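Raw query_11.cif, mmCIF, C-alpha atoms:
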data_coords
#
loop_
_atom_site.group_PDB
_atom_site.id
_atom_site.type_symbol
_atom_site.label_atom_id
_atom_site.label_comp_id
_atom_site.auth_asym_id
_atom_site.auth_seq_id
_atom_site.Cartn_x
_atom_site.Cartn_y
_atom_site.Cartn_z
ATOM 1 C CA MET A 1242 -16.565 -33.440 -16.837
ATOM 2 C CA GLU A 1243 -18.159 -36.267 -18.792
ATOM 3 C CA SER A 1244 -14.808 -37.611 -19.982
ATOM 4 C CA VAL A 1245 -13.362 -37.416 -16.457
ATOM 5 C CA MET A 1246 -16.306 -39.426 -15.166
ATOM 6 C CA ALA A 1247 -15.914 -41.880 -18.063
ATOM 7 C CA ARG A 1248 -12.250 -42.528 -17.309
ATOM 8 C CA TYR A 1249 -13.084 -42.920 -13.613
ATOM 9 C CA ARG A 1250 -15.836 -45.402 -14.536
ATOM 10 C CA MET A 1251 -13.796 -47.372 -17.075
ATOM 11 C CA ASP A 1252 -11.317 -48.441 -14.373
ATOM 12 C CA ARG A 1253 -14.127 -49.795 -12.268
ATOM 13 C CA VAL A 1254 -16.242 -51.538 -14.897
ATOM 14 C CA PRO A 1255 -14.120 -54.730 -15.091
ATOM 15 C CA LYS A 1256 -14.291 -55.030 -11.281
ATOM 16 C CA PHE A 1257 -18.055 -54.586 -11.428
ATOM 17 C CA VAL A 1258 -18.407 -57.276 -14.099
ATOM 18 C CA LEU A 1259 -16.041 -59.575 -12.195
ATOM 19 C CA THR A 1260 -18.403 -59.272 -9.219
ATOM 20 C CA SER A 1261 -20.956 -61.217 -11.253
ATOM 21 C CA PHE A 1262 -18.420 -64.028 -11.751
ATOM 22 C CA ALA A 1263 -17.563 -64.030 -8.050
ATOM 23 C CA LEU A 1264 -21.258 -64.280 -7.138
ATOM 24 C CA ALA A 1265 -21.873 -67.129 -9.607
ATOM 25 C CA PHE A 1266 -18.748 -68.928 -8.368
ATOM 26 C CA PHE A 1267 -19.860 -68.523 -4.752
ATOM 27 C CA ALA A 1268 -23.342 -69.825 -5.627
ATOM 28 C CA THR A 1269 -21.803 -72.908 -7.276
ATOM 29 C CA ILE A 1270 -19.539 -73.590 -4.298
ATOM 30 C CA VAL A 1271 -22.436 -73.197 -1.849
ATOM 31 C CA THR A 1272 -24.553 -75.548 -3.955
ATOM 32 C CA LEU A 1273 -21.833 -78.189 -4.223
ATOM 33 C CA GLU A 1274 -21.030 -77.960 -0.534
ATOM 34 C CA PHE A 1275 -24.433 -77.629 1.125
ATOM 35 C CA VAL A 1276 -27.299 -78.201 -1.289
ATOM 36 C CA LYS A 1277 -26.245 -81.201 -3.343
ATOM 37 C CA MET B 1420 -45.410 -75.222 -31.838
ATOM 38 C CA THR B 1421 -47.724 -72.574 -33.367
ATOM 39 C CA LYS B 1422 -47.966 -70.879 -29.958
ATOM 40 C CA SER B 1423 -44.169 -70.804 -29.698
ATOM 41 C CA ILE B 1424 -43.814 -69.251 -33.176
ATOM 42 C CA VAL B 1425 -46.465 -66.617 -32.342
ATOM 43 C CA LEU B 1426 -44.646 -65.796 -29.091
ATOM 44 C CA TRP B 1427 -41.331 -65.559 -30.961
ATOM 45 C CA ALA B 1428 -42.876 -63.114 -33.470
ATOM 46 C CA LEU B 1429 -44.427 -61.150 -30.568
ATOM 47 C CA ALA B 1430 -41.034 -61.007 -28.843
ATOM 48 C CA ILE B 1431 -39.447 -59.468 -31.945
ATOM 49 C CA LEU B 1432 -42.320 -56.990 -32.264
ATOM 50 C CA LEU B 1433 -42.320 -56.034 -28.570
ATOM 51 C CA ALA B 1434 -38.531 -55.831 -28.108
ATOM 52 C CA PRO B 1435 -38.297 -52.127 -29.164
ATOM 53 C CA PHE B 1436 -41.150 -51.257 -26.775
ATOM 54 C CA PHE B 1437 -39.264 -52.395 -23.662
ATOM 55 C CA SER B 1438 -36.257 -50.376 -24.679
ATOM 56 C CA ALA B 1439 -38.522 -47.310 -25.014
ATOM 57 C CA VAL B 1440 -39.880 -47.944 -21.499
ATOM 58 C CA ILE B 1441 -36.313 -47.574 -20.205
ATOM 59 C CA LEU B 1442 -35.998 -44.202 -21.979
ATOM 60 C CA LYS B 1443 -39.332 -43.089 -20.523
ATOM 61 C CA VAL B 1444 -38.354 -44.028 -16.967
ATOM 62 C CA LYS B 1445 -35.002 -42.303 -17.390
ATOM 63 C CA ALA B 1446 -36.779 -39.130 -18.583
ATOM 64 C CA PHE B 1447 -39.246 -39.332 -15.681
ATOM 65 C CA PHE B 1448 -36.460 -39.437 -13.101
ATOM 66 C CA GLY B 1449 -34.699 -36.621 -14.924
ATOM 67 C CA GLY B 1450 -37.821 -34.475 -14.558
ATOM 68 C CA ARG B 1451 -38.546 -34.531 -18.277
ATOM 69 C CA LYS B 1452 -41.556 -35.682 -20.271
ATOM 70 C CA GLY B 1453 -39.444 -37.963 -22.443
ATOM 71 C CA SER B 1454 -40.019 -39.460 -25.857
ATOM 72 C CA PRO B 1455 -43.197 -41.433 -26.664
ATOM 73 C CA LEU B 1456 -43.296 -45.163 -25.929
ATOM 74 C CA LEU B 1457 -43.337 -45.941 -29.658
ATOM 75 C CA ILE B 1458 -40.184 -43.889 -30.346
ATOM 76 C CA ASN B 1459 -38.104 -46.949 -31.270
ATOM 77 C CA TYR B 1460 -40.664 -48.039 -33.878
ATOM 78 C CA TYR B 1461 -40.634 -44.521 -35.398
ATOM 79 C CA THR B 1462 -36.816 -44.573 -35.411
ATOM 80 C CA LEU B 1463 -36.686 -47.994 -37.072
ATOM 81 C CA ILE B 1464 -39.211 -46.964 -39.748
ATOM 82 C CA LYS B 1465 -37.242 -43.760 -40.374
ATOM 83 C CA LEU B 1466 -33.961 -45.683 -40.677
ATOM 84 C CA PHE B 1467 -35.382 -48.334 -43.011
ATOM 85 C CA LYS B 1468 -36.736 -45.599 -45.311
ATOM 86 C CA LYS B 1469 -33.274 -44.007 -45.609
ATOM 87 C CA GLY B 1470 -30.332 -45.128 -47.721
ATOM 88 C CA SER B 1471 -27.000 -46.242 -46.270
ATOM 89 C CA VAL B 1472 -23.792 -44.291 -46.748
ATOM 90 C CA TYR B 1473 -20.585 -46.321 -47.072
ATOM 91 C CA SER B 1474 -17.065 -45.015 -46.729
ATOM 92 C CA THR B 1475 -14.704 -45.874 -49.606
ATOM 93 C CA SER B 1476 -12.282 -47.399 -47.096
ATOM 94 C CA THR B 1477 -14.779 -50.055 -45.929
ATOM 95 C CA THR B 1478 -15.194 -53.547 -47.374
ATOM 96 C CA PHE B 1479 -18.072 -56.066 -47.470
ATOM 97 C CA LEU B 1480 -17.454 -56.798 -43.751
ATOM 98 C CA PHE B 1481 -18.906 -53.393 -42.898
ATOM 99 C CA LYS B 1482 -22.174 -54.332 -44.657
ATOM 100 C CA LEU B 1483 -22.165 -57.864 -43.246
ATOM 101 C CA GLY B 1484 -21.771 -56.854 -39.559
ATOM 102 C CA PRO B 1485 -25.267 -55.400 -38.938
ATOM 103 C CA MET B 1486 -27.015 -58.238 -40.790
ATOM 104 C CA VAL B 1487 -25.180 -60.999 -38.913
ATOM 105 C CA SER B 1488 -25.741 -59.311 -35.528
ATOM 106 C CA LEU B 1489 -29.493 -58.970 -36.205
ATOM 107 C CA CYS B 1490 -29.823 -62.549 -37.537
ATOM 108 C CA ALA B 1491 -27.944 -63.902 -34.512
ATOM 109 C CA ALA B 1492 -30.184 -61.978 -32.076
ATOM 110 C CA ILE B 1493 -33.397 -63.110 -33.823
ATOM 111 C CA THR B 1494 -32.204 -66.743 -33.950
ATOM 112 C CA VAL B 1495 -31.332 -66.623 -30.245
ATOM 113 C CA LEU B 1496 -34.937 -65.609 -29.468
ATOM 114 C CA MET B 1497 -36.060 -68.873 -31.168
ATOM 115 C CA PHE B 1498 -34.421 -70.829 -28.326
ATOM 116 C CA LEU B 1499 -35.900 -68.656 -25.572
ATOM 117 C CA PRO B 1500 -38.865 -69.960 -23.553
ATOM 118 C CA ILE B 1501 -41.224 -66.969 -23.342
ATOM 119 C CA ALA B 1502 -43.900 -66.762 -20.615
ATOM 120 C CA GLY B 1503 -43.172 -70.354 -19.592
ATOM 121 C CA GLN B 1504 -43.988 -71.704 -23.064
ATOM 122 C CA PRO B 1505 -41.555 -74.080 -24.808
ATOM 123 C CA PRO B 1506 -39.311 -72.349 -27.380
ATOM 124 C CA VAL B 1507 -39.444 -72.798 -31.177
ATOM 125 C CA PHE B 1508 -36.204 -74.823 -31.189
ATOM 126 C CA SER B 1509 -34.643 -76.719 -28.333
ATOM 127 C CA PHE B 1510 -31.963 -79.394 -27.973
ATOM 128 C CA ASN B 1511 -29.567 -80.536 -25.284
ATOM 129 C CA GLY B 1512 -26.589 -78.165 -25.371
ATOM 130 C CA ASP B 1513 -28.535 -75.338 -27.033
ATOM 131 C CA ILE B 1514 -27.436 -72.857 -24.351
ATOM 132 C CA ILE B 1515 -23.802 -73.164 -25.520
ATOM 133 C CA PHE B 1516 -24.975 -72.717 -29.119
ATOM 134 C CA ILE B 1517 -26.893 -69.583 -28.026
ATOM 135 C CA LEU B 1518 -23.899 -68.091 -26.215
ATOM 136 C CA TYR B 1519 -21.663 -68.554 -29.241
ATOM 137 C CA LEU B 1520 -24.372 -67.306 -31.598
ATOM 138 C CA LEU B 1521 -24.407 -64.078 -29.574
ATOM 139 C CA GLY B 1522 -20.606 -64.174 -29.757
ATOM 140 C CA LEU B 1523 -20.786 -64.507 -33.553
ATOM 141 C CA GLY B 1524 -23.000 -61.416 -33.761
ATOM 142 C CA ARG B 1525 -20.574 -59.547 -31.533
ATOM 143 C CA PHE B 1526 -17.578 -60.701 -33.595
ATOM 144 C CA PHE B 1527 -19.086 -59.361 -36.811
ATOM 145 C CA THR B 1528 -20.074 -56.052 -35.163
ATOM 146 C CA ILE B 1529 -16.471 -55.705 -33.926
ATOM 147 C CA ALA B 1530 -15.115 -56.675 -37.366
ATOM 148 C CA ALA B 1531 -17.368 -54.054 -39.009
ATOM 149 C CA ALA B 1532 -16.138 -51.432 -36.527
ATOM 150 C CA MET B 1533 -12.483 -52.325 -37.176
ATOM 151 C CA ASP B 1534 -13.160 -52.244 -40.917
ATOM 152 C CA THR B 1535 -13.758 -48.486 -40.823
ATOM 153 C CA ALA B 1536 -10.146 -47.970 -39.612
ATOM 154 C CA SER B 1537 -11.424 -45.291 -37.236
ATOM 155 C CA PRO B 1538 -9.418 -45.118 -33.984
ATOM 156 C CA PHE B 1539 -12.551 -44.309 -31.987
ATOM 157 C CA GLU B 1540 -14.377 -47.374 -33.305
ATOM 158 C CA GLY B 1541 -11.311 -49.507 -32.644
ATOM 159 C CA MET B 1542 -11.351 -48.297 -29.039
ATOM 160 C CA GLY B 1543 -15.016 -49.219 -28.676
ATOM 161 C CA ALA B 1544 -14.382 -52.596 -30.347
ATOM 162 C CA ALA B 1545 -11.584 -53.357 -27.873
ATOM 163 C CA ARG B 1546 -13.915 -52.628 -24.955
ATOM 164 C CA GLU B 1547 -16.724 -54.625 -26.563
ATOM 165 C CA ALA B 1548 -14.363 -57.596 -26.902
ATOM 166 C CA TYR B 1549 -12.997 -57.274 -23.366
ATOM 167 C CA PHE B 1550 -16.107 -57.017 -21.155
ATOM 168 C CA PRO B 1551 -18.048 -59.961 -22.640
ATOM 169 C CA ILE B 1552 -15.037 -62.232 -21.934
ATOM 170 C CA ILE B 1553 -15.686 -61.730 -18.205
ATOM 171 C CA CYS B 1554 -19.438 -62.160 -18.819
ATOM 172 C CA GLU B 1555 -18.774 -65.432 -20.625
ATOM 173 C CA ALA B 1556 -16.911 -66.798 -17.587
ATOM 174 C CA THR B 1557 -19.906 -65.858 -15.420
ATOM 175 C CA MET B 1558 -22.355 -67.436 -17.857
ATOM 176 C CA PHE B 1559 -20.430 -70.718 -17.868
ATOM 177 C CA MET B 1560 -20.260 -70.703 -14.073
ATOM 178 C CA ILE B 1561 -24.046 -70.249 -13.964
ATOM 179 C CA LEU B 1562 -24.372 -73.071 -16.511
ATOM 180 C CA VAL B 1563 -22.360 -75.361 -14.234
ATOM 181 C CA LEU B 1564 -24.790 -74.512 -11.434
ATOM 182 C CA PHE B 1565 -27.879 -75.112 -13.584
ATOM 183 C CA TYR B 1566 -26.371 -78.375 -14.844
ATOM 184 C CA ILE B 1567 -26.014 -79.528 -11.232
ATOM 185 C CA PHE B 1568 -29.733 -78.799 -10.668
ATOM 186 C CA THR B 1569 -31.226 -80.145 -13.903
ATOM 187 C CA GLY B 1570 -28.582 -82.373 -15.539
ATOM 188 C CA LYS B 1571 -29.229 -80.599 -18.843
ATOM 189 C CA LEU B 1572 -27.631 -77.835 -20.890
ATOM 190 C CA GLN B 1573 -30.908 -76.672 -22.358
ATOM 191 C CA LEU B 1574 -32.592 -73.279 -21.951
ATOM 192 C CA ALA B 1575 -36.058 -74.900 -22.036
ATOM 193 C CA ALA B 1576 -35.061 -77.152 -19.112
ATOM 194 C CA TYR B 1577 -34.348 -74.077 -16.986
ATOM 195 C CA PHE B 1578 -37.001 -71.544 -17.932
ATOM 196 C CA SER B 1579 -40.061 -73.274 -19.417
ATOM 197 C CA GLY B 1580 -43.137 -74.439 -17.501
ATOM 198 C CA GLY B 1581 -42.581 -74.886 -13.773
ATOM 199 C CA HIS B 1582 -38.821 -75.404 -14.117
ATOM 200 C CA PRO B 1583 -37.782 -71.966 -12.715
ATOM 201 C CA LEU B 1584 -39.824 -72.674 -9.583
ATOM 202 C CA GLY B 1585 -38.104 -76.070 -9.367
ATOM 203 C CA LEU B 1586 -34.739 -74.290 -9.434
ATOM 204 C CA TRP B 1587 -35.806 -72.068 -6.508
ATOM 205 C CA GLN B 1588 -37.049 -75.108 -4.582
ATOM 206 C CA ALA B 1589 -33.795 -76.987 -5.234
ATOM 207 C CA ALA B 1590 -31.571 -74.133 -4.027
ATOM 208 C CA GLY B 1591 -33.156 -70.791 -3.274
ATOM 209 C CA SER B 1592 -30.264 -68.948 -1.655
ATOM 210 C CA PRO B 1593 -27.577 -69.691 -4.308
ATOM 211 C CA LEU B 1594 -30.117 -68.710 -6.959
ATOM 212 C CA LEU B 1595 -30.323 -65.223 -5.437
ATOM 213 C CA PHE B 1596 -26.655 -64.753 -6.365
ATOM 214 C CA VAL B 1597 -27.400 -66.090 -9.846
ATOM 215 C CA VAL B 1598 -30.164 -63.486 -10.317
ATOM 216 C CA ILE B 1599 -27.766 -60.670 -9.332
ATOM 217 C CA SER B 1600 -25.064 -62.127 -11.634
ATOM 218 C CA PHE B 1601 -27.521 -62.334 -14.538
ATOM 219 C CA PHE B 1602 -28.581 -58.739 -13.921
ATOM 220 C CA ILE B 1603 -24.954 -57.560 -14.056
ATOM 221 C CA ILE B 1604 -24.534 -59.533 -17.315
ATOM 222 C CA LEU B 1605 -27.704 -57.853 -18.630
ATOM 223 C CA LEU B 1606 -26.243 -54.415 -17.852
ATOM 224 C CA THR B 1607 -22.874 -55.277 -19.425
ATOM 225 C CA GLU B 1608 -24.063 -57.072 -22.561
ATOM 226 C CA ASN B 1609 -26.645 -54.404 -23.329
ATOM 227 C CA SER B 1610 -24.350 -51.468 -22.566
ATOM 228 C CA ARG B 1611 -26.501 -50.032 -19.785
ATOM 229 C CA VAL B 1612 -25.519 -47.733 -16.913
ATOM 230 C CA PRO B 1613 -23.091 -48.098 -15.021
ATOM 231 C CA VAL B 1614 -21.125 -50.126 -17.610
ATOM 232 C CA ASP B 1615 -22.001 -47.799 -20.464
ATOM 233 C CA ASP B 1616 -24.349 -44.925 -21.132
ATOM 234 C CA PRO B 1617 -26.172 -45.336 -24.463
ATOM 235 C CA ALA B 1618 -27.384 -41.701 -24.322
ATOM 236 C CA THR B 1619 -23.945 -40.149 -24.131
ATOM 237 C CA HIS B 1620 -22.593 -38.061 -26.998
ATOM 238 C CA LEU B 1621 -18.898 -38.387 -26.237
ATOM 239 C CA GLU B 1622 -17.071 -41.206 -28.037
ATOM 240 C CA LEU B 1623 -14.637 -41.657 -25.146
ATOM 241 C CA THR B 1624 -17.440 -42.755 -22.860
ATOM 242 C CA MET B 1625 -19.052 -45.284 -25.161
ATOM 243 C CA ILE B 1626 -18.600 -49.027 -25.629
ATOM 244 C CA HIS B 1627 -21.257 -50.275 -27.985
ATOM 245 C CA GLU B 1628 -22.462 -46.982 -29.435
ATOM 246 C CA VAL B 1629 -18.998 -45.917 -30.586
ATOM 247 C CA MET B 1630 -18.742 -49.028 -32.792
ATOM 248 C CA VAL B 1631 -21.840 -48.141 -34.767
ATOM 249 C CA LEU B 1632 -21.057 -44.460 -35.393
ATOM 250 C CA ASP B 1633 -20.313 -45.034 -39.091
ATOM 251 C CA HIS B 1634 -23.422 -47.104 -39.792
ATOM 252 C CA SER B 1635 -26.423 -45.357 -41.253
ATOM 253 C CA GLY B 1636 -29.877 -46.036 -42.666
ATOM 254 C CA PRO B 1637 -31.083 -49.685 -42.739
ATOM 255 C CA ASP B 1638 -27.723 -50.939 -41.423
ATOM 256 C CA LEU B 1639 -28.125 -48.840 -38.269
ATOM 257 C CA GLY B 1640 -31.722 -50.078 -38.093
ATOM 258 C CA PHE B 1641 -30.488 -53.709 -38.118
ATOM 259 C CA ILE B 1642 -28.031 -52.963 -35.312
ATOM 260 C CA GLU B 1643 -30.689 -51.152 -33.245
ATOM 261 C CA MET B 1644 -33.163 -54.018 -33.749
ATOM 262 C CA GLY B 1645 -30.483 -56.556 -32.817
ATOM 263 C CA SER B 1646 -29.713 -54.707 -29.579
ATOM 264 C CA PHE B 1647 -33.448 -54.542 -28.712
ATOM 265 C CA CYS B 1648 -33.728 -58.331 -29.219
ATOM 266 C CA LYS B 1649 -30.628 -58.907 -27.086
ATOM 267 C CA LEU B 1650 -32.039 -56.765 -24.271
ATOM 268 C CA PHE B 1651 -35.302 -58.729 -24.520
ATOM 269 C CA PHE B 1652 -33.375 -62.031 -24.321
ATOM 270 C CA TYR B 1653 -31.480 -61.182 -21.133
ATOM 271 C CA SER B 1654 -34.489 -59.443 -19.539
ATOM 272 C CA THR B 1655 -36.651 -62.527 -20.173
ATOM 273 C CA ILE B 1656 -34.118 -64.773 -18.443
ATOM 274 C CA VAL B 1657 -33.980 -62.504 -15.376
ATOM 275 C CA ALA B 1658 -37.794 -62.111 -15.404
ATOM 276 C CA SER B 1659 -38.237 -65.916 -15.527
ATOM 277 C CA LEU B 1660 -36.024 -66.262 -12.466
ATOM 278 C CA ILE B 1661 -37.666 -63.428 -10.520
ATOM 279 C CA PHE B 1662 -41.243 -64.517 -11.270
ATOM 280 C CA PRO B 1663 -41.018 -68.305 -11.601
ATOM 281 C CA PHE B 1664 -44.722 -68.948 -10.947
ATOM 282 C CA GLU B 1665 -47.201 -70.728 -13.234
ATOM 283 C CA LEU B 1666 -50.691 -69.210 -13.063
ATOM 284 C CA GLY B 1667 -52.423 -72.063 -14.878
ATOM 285 C CA HIS B 1668 -53.781 -70.078 -17.830
ATOM 286 C CA PRO B 1669 -51.611 -69.042 -20.832
ATOM 287 C CA LEU B 1670 -53.118 -65.528 -20.905
ATOM 288 C CA LEU B 1671 -52.478 -65.003 -17.173
ATOM 289 C CA ASN B 1672 -48.924 -66.277 -17.685
ATOM 290 C CA MET B 1673 -48.459 -63.831 -20.563
ATOM 291 C CA GLY B 1674 -49.767 -60.930 -18.436
ATOM 292 C CA MET B 1675 -47.536 -61.822 -15.536
ATOM 293 C CA PHE B 1676 -44.561 -62.230 -17.879
ATOM 294 C CA PHE B 1677 -45.209 -58.747 -19.311
ATOM 295 C CA VAL B 1678 -45.283 -57.209 -15.818
ATOM 296 C CA ALA B 1679 -42.142 -59.153 -14.815
ATOM 297 C CA LEU B 1680 -40.333 -57.935 -17.918
ATOM 298 C CA LEU B 1681 -41.249 -54.320 -17.118
ATOM 299 C CA PHE B 1682 -40.070 -54.902 -13.550
ATOM 300 C CA VAL B 1683 -36.682 -56.117 -14.851
ATOM 301 C CA THR B 1684 -36.229 -53.420 -17.502
ATOM 302 C CA LEU B 1685 -37.064 -50.545 -15.125
ATOM 303 C CA PRO B 1686 -33.908 -50.832 -12.958
ATOM 304 C CA SER B 1687 -31.719 -51.214 -16.069
ATOM 305 C CA VAL B 1688 -32.053 -47.515 -16.987
#
Spit out the file's structure as C-alpha cells when you get a sec.
Amino acid sequence: MESVMARYRMDRVPKFVLTSFALAFFATIVTLEFVK
Amino acid sequence: MTKSIVLWALAILLAPFFSAVILKVKAFFGGRKGSPLLINYYTLIKLFKKGSVYSTSTTFLFKLGPMVSLCAAITVLMFLPIAGQPPVFSFNGDIIFILYLLGLGRFFTIAAAMDTASPFEGMGAAREAYFPIICEATMFMILVLFYIFTGKLQLAAYFSGGHPLGLWQAAGSPLLFVVISFFIILLTENSRVPVDDPATHLELTMIHEVMVLDHSGPDLGFIEMGSFCKLFFYSTIVASLIFPFELGHPLLNMGMFFVALLFVTLPSV
C-alpha cells in the first residue's frame, strides 16, 4: 500500500513543486505590470 | 555584531528543537503521545558517542559528504537575519552565494550516496538532484521580484529590521504568492510531506532519507544536524515574511520570532 501511494505521489511531486515557480512567476508579472 | 553571533549560535542550538516540534504535532494528530521535545538532542548525542561504519567499497567522498553538508548549512545561517537582527556576514549578492552553498552541500550528499554504489541510494540521489532544480528556478524568480522591490541581492536587505514590512507595503498581493512559493520550497528542500515522508521505512518512498541509509554514527549526526539547520533557514525566511512587524524591543522581537517560527513549522508536518 505504501509503495503504491509513493508511486502515485512521485508522479505528482514535480507538478506540485512547479506550482511554486508558477506562483513566483505570476507574482513577478503582476509586480512588473501593476505595482512598479 | 556580538548580538548577531549570539543569535547565530542560538539558531544552531535551537534548530533540532523545531524539528522535534514537528514530530510532536504529527504524533498529536495521530492520536499518540509522541517522542519528547528534546528527542533530536538525545539522538545527536547518541550518534556522536558511536563510531562510524564504512563499507570497503566507499572512498573519501563518503566521509566528506556529511561534513560538507553540515558546514554549508551552518555557514548559510551566518547570512540569515534572525528576529530582524542583521546577520553575521552580509554583502551584495550574498543570496546567490547562499543558494549555491546549499547546492554545494547537496552535491556532496549526492556524491556520498552515489559513492556507496547502492541502487537505492542512487535512486534517492537522482530525486534529490531533480526536485531542487525546479526549486532553484522558483528561488531565482523570487529573487527577481525582491530585486525589483529593493534593488539589492542581499538577504539582510529583505529580512532584517523593518524591511519585510516594507516589502508588504510595496506589493502586498504579489508577496502572498511569494509566501506560498517559499512554503512549497520549504517542504521540498526539507523533504516534508507531501514531497517526501521522513518517517517512512520503505526506500522506494524516500528522497533524502534513502541517500543517508549507509551513514552511521557521527556522520549521520552531521547529516541530521545539517538538515535541522536547513529547516531552520527556510522556516525563518517564511516566518519573517508572515510576521514582518518590529515590536521595538529586541526581546519582544525574539519572542515574536519564536512564535512565528513555531507557526511556520507546525503546518510542515
Explicit residue set for the PyMOL selection byres ((chain A) within 7 of (chain B)), as a CSV table (one decimal) with C-alpha atoms, keeping the file's coordinate frame:
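The resulting file, part-v8.csv, is shown below:
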chain,number,residue,atom,x,y,z
A,1244,SER,CA,-14.8,-37.6,-20.0
A,1247,ALA,CA,-15.9,-41.9,-18.1
A,1254,VAL,CA,-16.2,-51.5,-14.9
A,1255,PRO,CA,-14.1,-54.7,-15.1
A,1258,VAL,CA,-18.4,-57.3,-14.1
A,1259,LEU,CA,-16.0,-59.6,-12.2
A,1261,SER,CA,-21.0,-61.2,-11.3
A,1262,PHE,CA,-18.4,-64.0,-11.8
A,1264,LEU,CA,-21.3,-64.3,-7.1
A,1265,ALA,CA,-21.9,-67.1,-9.6
A,1266,PHE,CA,-18.7,-68.9,-8.4
A,1268,ALA,CA,-23.3,-69.8,-5.6
A,1269,THR,CA,-21.8,-72.9,-7.3
A,1271,VAL,CA,-22.4,-73.2,-1.8
A,1272,THR,CA,-24.6,-75.5,-4.0
A,1276,VAL,CA,-27.3,-78.2,-1.3
Q: Please provide the set of residues having any atom within 10 Å of Gly1470 (chain B), restricted to all atoms listed in the file, with same-chain residues fewer than 2 positions apart removed, written as a PyMOL selection string.
A: chain B and resi 1466-1468+1472-1473+1635-1638
So that I have them on file, write out the residues from the current selection with C-alpha atoms, as a short mmCIF file (atom, residue, chain, number, x, y, z; two decimals), in the coordinates of the input.
data_model
loop_
_atom_site.label_atom_id
_atom_site.label_comp_id
_atom_site.auth_asym_id
_atom_site.auth_seq_id
_atom_site.Cartn_x
_atom_site.Cartn_y
_atom_site.Cartn_z
CA LEU B 1466 -33.96 -45.68 -40.68
CA PHE B 1467 -35.38 -48.33 -43.01
CA LYS B 1468 -36.74 -45.60 -45.31
CA VAL B 1472 -23.79 -44.29 -46.75
CA TYR B 1473 -20.58 -46.32 -47.07
CA SER B 1635 -26.42 -45.36 -41.25
CA GLY B 1636 -29.88 -46.04 -42.67
CA PRO B 1637 -31.08 -49.68 -42.74
CA ASP B 1638 -27.72 -50.94 -41.42
#
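Atom pair CA of Pro1669 (chain B) / CA of Leu1572 (chain B) has a distance of 25.5 Å (rounded to one decimal).
Residues matched by the PyMOL selection byres ((chain B and resi 1480) around 12) in this file: Tyr1473, Ser1476, Thr1477, Thr1478, Phe1479, Phe1481, Lys1482, Leu1483, Gly1484, Pro1485, Met1486, Val1487, Ser1488, Phe1526, Phe1527, Thr1528, Ile1529, Ala1530, Ala1531, Ala1532, Met1533, Asp1534 and Thr1535 of chain B.
Between CA of Ser1659 (chain B) and CA of Phe1498 (chain B) the separation is 14.2 Å.
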Evaluate the PyMOL selection byres ((chain B and resi 1540) around 9) against this structure - the residues, as a PDB file with C-alpha atoms, in the coordinates of the input, please.
ATOM      1  CA  ILE B1529     -16.471 -55.705 -33.926  1.00  0.00           C
ATOM      2  CA  ALA B1532     -16.138 -51.432 -36.527  1.00  0.00           C
ATOM      3  CA  MET B1533     -12.483 -52.325 -37.176  1.00  0.00           C
ATOM      4  CA  THR B1535     -13.758 -48.486 -40.823  1.00  0.00           C
ATOM      5  CA  ALA B1536     -10.146 -47.970 -39.612  1.00  0.00           C
ATOM      6  CA  SER B1537     -11.424 -45.291 -37.236  1.00  0.00           C
ATOM      7  CA  PRO B1538      -9.418 -45.118 -33.984  1.00  0.00           C
ATOM      8  CA  PHE B1539     -12.551 -44.309 -31.987  1.00  0.00           C
ATOM      9  CA  GLY B1541     -11.311 -49.507 -32.644  1.00  0.00           C
ATOM     10  CA  MET B1542     -11.351 -48.297 -29.039  1.00  0.00           C
ATOM     11  CA  GLY B1543     -15.016 -49.219 -28.676  1.00  0.00           C
ATOM     12  CA  ALA B1544     -14.382 -52.596 -30.347  1.00  0.00           C
ATOM     13  CA  ALA B1545     -11.584 -53.357 -27.873  1.00  0.00           C
ATOM     14  CA  GLU B1622     -17.071 -41.206 -28.037  1.00  0.00           C
ATOM     15  CA  ILE B1626     -18.600 -49.027 -25.629  1.00  0.00           C
ATOM     16  CA  GLU B1628     -22.462 -46.982 -29.435  1.00  0.00           C
ATOM     17  CA  VAL B1629     -18.998 -45.917 -30.586  1.00  0.00           C
ATOM     18  CA  MET B1630     -18.742 -49.028 -32.792  1.00  0.00           C
ATOM     19  CA  VAL B1631     -21.840 -48.141 -34.767  1.00  0.00           C
ATOM     20  CA  LEU B1632     -21.057 -44.460 -35.393  1.00  0.00           C
ATOM     21  CA  ASP B1633     -20.313 -45.034 -39.091  1.00  0.00           C
TER      22      ASP B1633
END
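The nearest approach to Gly1580 (chain B) among the residues B:Asn1672, B:Ser1509, B:Ser1610, B:Thr1494, with all atoms listed in the file taken into account, belongs to B:Asn1672.
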Q) Restricting the calculation to all atoms listed in the file, which member of B:Asn1511, B:Arg1611, B:Met1420, B:His1627 is positioned closest to Ala1548 (chain B)? A) B:His1627
Q: In Å, rounded to a single decimal, give me how far CA of Ser1646 (chain B) is from CA of His1634 (chain B).
A: 14.2 Å
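The closest residue to Ile1642 (chain B), picked from B:Phe1677, B:Pro1435, B:Pro1500, B:Leu1518 and counting all atoms listed in the file, is B:Pro1435.
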